[in-house]
Amino acid sequence: MVVVNRTTINDSVFIMHLRNIIVSAVLCTCLFSCDTRNEQIGHAIYHWQSDFSLSEQEKSILQDAAINKIYLRFFDVAWDRAAEQPLPVSELYMQEPLPAGTAYVPVVFITNEVMEKCVAEDVPVLAQKISKRIEQKIIALQLPATTEIQIDCDWTKGTRDAYFTLLEKLREVSALKDIQWSATIRLHQIKYKDETGVPPVDRGTLMFYNMGNIEDAQSEQSIYTKKIADGYVAAIPDYPLPLDVAIACFSWGLLFHENTLLHIFYPLDAATMASDSLFAKKEENVFVAKRETYFRGYFITPDDPIKIESMDPARALQSAKQVSKYLPAGNRDIILYQLDADMVRRFSAKEMEEIYGSF
């Protein structure tokens with residue numbers, strides 16, 4: 001007769017049960033770890049000036065914030081009224097090479113006026129000219145081959161067909177067939193995608209700013225207002241394109257005369273205005289001249305307000321946290337707008353890393 005020790009059996013069962021829990025926990029940890037590793041967030045930034053020449057501060061902040069991709073505006077396409085045709089303007093010139101190990105994406109901005117005035121038969125020709133110009137710029141700027149090209153155009157319902165045809169024709173150009181194409185997307189184009197349409201590209205970049213009415217002198221802020229964004233962000237998960245996200249990090253001044261927007265001063269912030277003895281603070285972020293004067297080449301009377309709209313680090317981080325909650329899982333670039341002396345003066349590398357880290 002074999003005597004069975006019940007305590008030993010209970011201990012064995014407990015050990016087996018504990019082993020199963022540990023194995024399950026390890027498996028879960030691996031799964032979650034793999035998900036985290038597979039979801040890559042690219043640290044990127046826009047460069048929008050026509051002259052690529054980085055200061056030591058700009059080079060330092062790129063390195064310190066681990067930014068390894070620059071979206072370079074190659075040129076704009078604007079309607080030349082004298083020639084009555086679209087022409088490239090504000091072309092990029094590089095005074096120095098990209099920082100070592102930095103990737104780039106060419107960006108071409110197309111005005112909506114171009115798409116309004118282009119007749120259907122002219123669109124394929126325009127696509128050929130744009131693609132050829134991009135190829136020429138890559139060679140002239142001594143840049144390596146690119147894997148992506150971005151087109152920036154705030155299309156409307158009236159210009160949608162012409163613009164989408166242009167994007168389709170760009171993809172068909174033989175020399176650029178293997179390129180990934182992306183297009184900038186505004187919030188209203190995400191919420192009302194059935195009316196505005198979805199561009200025929202590989203991915204979109206959600207421009208999470210310029211969401212208010214810039215021409216309204218009484219509005220809170222046209223760059224970013226959380227309350228306005230709240231009315232749109234719930235539509236983001238249903239958008240059919242994978243999305244990168246652009247976050248505003250700039251500040252500008254809006255000059256009004258009799259409630260009409262006259263000019264945009266960029267860059268300009270409240271601290272600069274407050275330190276200028278020619279101006280007095282009228283209300284929060286609104287300044288008026290103490291007497292008739294010229295400011296940056298524009299004549300200003302004491303009654304003409306300059307309204308400061310600013311994305312400081314706290315506000316930029318708030319916008320990043322707001323939009324990040326609605327993005328589906330996936331790899332994406334977070335692109336700060338934009339790299340210049342004003343940005344590196346107002347944002348530290350740590351503050352930029354906090355924005356990237358919120359995704």
# chains A, B, ... in the order shown; residues from 1 in each chain; ligands from 1
call {"tool": "residues_around", "arguments": {"residues": "Thr156 of chain A", "least_positions_apart": "2", "cutoff": "8 Å", "atoms": "only C-alpha atoms", "output": "mmCIF file with N, CA and C atoms, in the first residue's frame"}}
result
data_model
loop_
_atom_site.group_PDB
_atom_site.id
_atom_site.type_symbol
_atom_site.label_atom_id
_atom_site.label_comp_id
_atom_site.auth_asym_id
_atom_site.auth_seq_id
_atom_site.Cartn_x
_atom_site.Cartn_y
_atom_site.Cartn_z
ATOM 1 N N ASN A 112 -4.182 76.822 -53.840
ATOM 2 C CA ASN A 112 -5.499 76.395 -54.309
ATOM 3 C C ASN A 112 -5.883 77.133 -55.586
ATOM 4 N N ASP A 154 -4.328 72.968 -49.680
ATOM 5 C CA ASP A 154 -5.580 73.028 -48.925
ATOM 6 C C ASP A 154 -6.740 73.049 -49.934
ATOM 7 N N GLY A 158 -14.541 72.450 -54.601
ATOM 8 C CA GLY A 158 -14.493 72.850 -55.998
ATOM 9 C C GLY A 158 -13.225 72.456 -56.718
ATOM 10 N N THR A 159 -12.111 72.303 -55.982
ATOM 11 C CA THR A 159 -10.833 71.952 -56.628
ATOM 12 C C THR A 159 -10.446 70.491 -56.398
ATOM 13 N N ARG A 160 -11.297 69.754 -55.691
ATOM 14 C CA ARG A 160 -10.954 68.371 -55.335
ATOM 15 C C ARG A 160 -10.632 67.517 -56.562
ATOM 16 N N THR A 196 -15.355 66.231 -48.818
ATOM 17 C CA THR A 196 -14.080 66.728 -49.345
ATOM 18 C C THR A 196 -13.308 65.659 -50.100
#
call {"tool": "closest_atom_pairs", "arguments": {"of": "segment 123-223 of chain A", "to": "segment 245-256 of chain A", "cutoff": "10 Å", "atoms": "only C-alpha atoms", "output": "JSON lines"}}
result
{"residue": "A:Thr184", "atom": "CA", "partner": "A:Ala246", "partner_atom": "CA", "distance": 9.1}
{"residue": "A:Ile185", "atom": "CA", "partner": "A:Val245", "partner_atom": "CA", "distance": 9.3}
{"residue": "A:Gly204", "atom": "CA", "partner": "A:Val245", "partner_atom": "CA", "distance": 8.4}
{"residue": "A:Thr205", "atom": "CA", "partner": "A:Val245", "partner_atom": "CA", "distance": 5.3}
{"residue": "A:Leu206", "atom": "CA", "partner": "A:Val245", "partner_atom": "CA", "distance": 4.8}
{"residue": "A:Met207", "atom": "CA", "partner": "A:Ala246", "partner_atom": "CA", "distance": 4.9}
{"residue": "A:Phe208", "atom": "CA", "partner": "A:Ile247", "partner_atom": "CA", "distance": 5.8}
{"residue": "A:Tyr209", "atom": "CA", "partner": "A:Ala248", "partner_atom": "CA", "distance": 6.1}
{"residue": "A:Asn210", "atom": "CA", "partner": "A:Ala248", "partner_atom": "CA", "distance": 8.6}
{"residue": "A:Ile214", "atom": "CA", "partner": "A:Leu254", "partner_atom": "CA", "distance": 8.3}
{"residue": "A:Glu215", "atom": "CA", "partner": "A:Phe256", "partner_atom": "CA", "distance": 8.6}
{"residue": "A:Asp216", "atom": "CA", "partner": "A:Phe256", "partner_atom": "CA", "distance": 9.3}
{"residue": "A:Ala217", "atom": "CA", "partner": "A:Phe256", "partner_atom": "CA", "distance": 7.1}
{"residue": "A:Ile223", "atom": "CA", "partner": "A:Ala248", "partner_atom": "CA", "distance": 7.7}
call {"tool": "select_by_dssp", "arguments": {"residues": "segment 138-252 of chain A", "states": "helix (DSSP H, G or I)", "output": "NGL selection string"}}
result
:A and (138-140 or 160-172 or 174-176 or 187-191 or 193-196 or 226-230 or 233-238)
call {"tool": "residues_around", "arguments": {"residues": "segment 120-125 of chain A", "least_positions_apart": "6", "cutoff": "10 Å", "atoms": "only C-alpha atoms", "output": "PyMOL selection string"}}
result
chain A and resi 85+161-170+172-173
call {"tool": "select_by_dssp", "arguments": {"residues": "segment 135-347 of chain A", "states": "strand (DSSP E)", "output": "count of residues only"}}
result
62
call {"tool": "residues_around", "arguments": {"residues": "Gln150 of chain A", "least_positions_apart": "5", "cutoff": "6 Å", "atoms": "only C-alpha atoms", "output": "ChimeraX atom specification"}}
result
/A:107,181-183
call {"tool": "atom_distance", "arguments": {"atom1": "atom CA of Lys177 of chain A", "atom2": "atom CA of Asp333 of chain A"}}
result
22.3 Å
call {"tool": "closest_residue", "arguments": {"among": "A:Asp276, A:Glu135, A:Glu91, A:Asp269", "to": "Arg346 of chain A", "atoms": "only C-alpha atoms"}}
result
A:Asp269
call {"tool": "closest_residue", "arguments": {"among": "A:Cys118, A:Ser131, A:Ile179, A:Ser275", "to": "Ala145 of chain A", "atoms": "only C-alpha atoms"}}
result
A:Ile179
call {"tool": "residues_around", "arguments": {"residues": "Gln136 of chain A", "least_positions_apart": "6", "cutoff": "12 Å", "atoms": "only C-alpha atoms", "output": "NGL selection string"}}
result
:A and (74-75 or 91-92 or 106 or 129-130 or 142-143 or 145 or 175)
call {"tool": "closest_residue", "arguments": {"among": "A:Ser348, A:Gln189, A:Gln95, A:Gln57", "to": "Val233 of chain A", "atoms": "only C-alpha atoms"}}
result
A:Gln189
call {"tool": "atom_distance", "arguments": {"atom1": "atom CA of Met211 of chain A", "atom2": "atom CA of Leu262 of chain A"}}
result
19.5 Å
call {"tool": "residues_around", "arguments": {"residues": "Leu72 of chain A", "least_positions_apart": "3", "cutoff": "12 Å", "atoms": "only C-alpha atoms", "output": "JSON, numbers by chain"}}
result
{"A": [44, 45, 46, 47, 48, 49, 50, 51, 52, 69, 75, 76, 91, 92, 93, 94, 98, 102, 103, 104, 105, 106, 107, 108, 109, 134, 137, 138, 141, 143, 146, 148, 149, 150, 151, 152, 335, 337, 338, 339]}
call {"tool": "atom_distance", "arguments": {"atom1": "atom CA of Gly42 of chain A", "atom2": "atom CA of Leu317 of chain A"}}
result
16.4 Å
call {"tool": "residues_around", "arguments": {"residues": "Glu113 of chain A", "least_positions_apart": "4", "cutoff": "8 Å", "atoms": "only C-alpha atoms", "output": "ChimeraX atom specification"}}
result
/A:78-79,117
call {"tool": "write_last_selection", "arguments": {"atoms": "all heavy atoms", "output": "short mmCIF file (atom, residue, chain, number, x, y, z; two decimals), in the first residue's frame"}}
result
data_model
loop_
_atom_site.label_atom_id
_atom_site.label_comp_id
_atom_site.auth_asym_id
_atom_site.auth_seq_id
_atom_site.Cartn_x
_atom_site.Cartn_y
_atom_site.Cartn_z
N ALA A 78 2.70 78.37 -57.71
CA ALA A 78 1.72 79.46 -57.62
C ALA A 78 1.28 79.87 -59.02
O ALA A 78 1.98 79.63 -60.02
CB ALA A 78 2.33 80.65 -56.88
N TRP A 79 0.11 80.50 -59.09
CA TRP A 79 -0.41 80.94 -60.37
C TRP A 79 0.20 82.30 -60.73
O TRP A 79 0.08 83.26 -59.98
CB TRP A 79 -1.92 81.05 -60.34
CG TRP A 79 -2.51 81.35 -61.68
CD1 TRP A 79 -2.91 82.57 -62.14
CD2 TRP A 79 -2.74 80.43 -62.74
NE1 TRP A 79 -3.38 82.46 -63.43
CE2 TRP A 79 -3.29 81.15 -63.84
CE3 TRP A 79 -2.53 79.05 -62.88
CZ2 TRP A 79 -3.64 80.53 -65.04
CZ3 TRP A 79 -2.88 78.44 -64.08
CH2 TRP A 79 -3.42 79.18 -65.15
N LYS A 117 -7.59 77.30 -61.46
CA LYS A 117 -7.42 77.82 -62.81
C LYS A 117 -6.96 76.77 -63.81
O LYS A 117 -7.01 77.00 -65.02
CB LYS A 117 -6.43 78.99 -62.79
CG LYS A 117 -6.97 80.21 -62.01
CD LYS A 117 -6.04 81.38 -62.14
CE LYS A 117 -6.59 82.61 -61.40
NZ LYS A 117 -7.87 83.08 -61.97
#
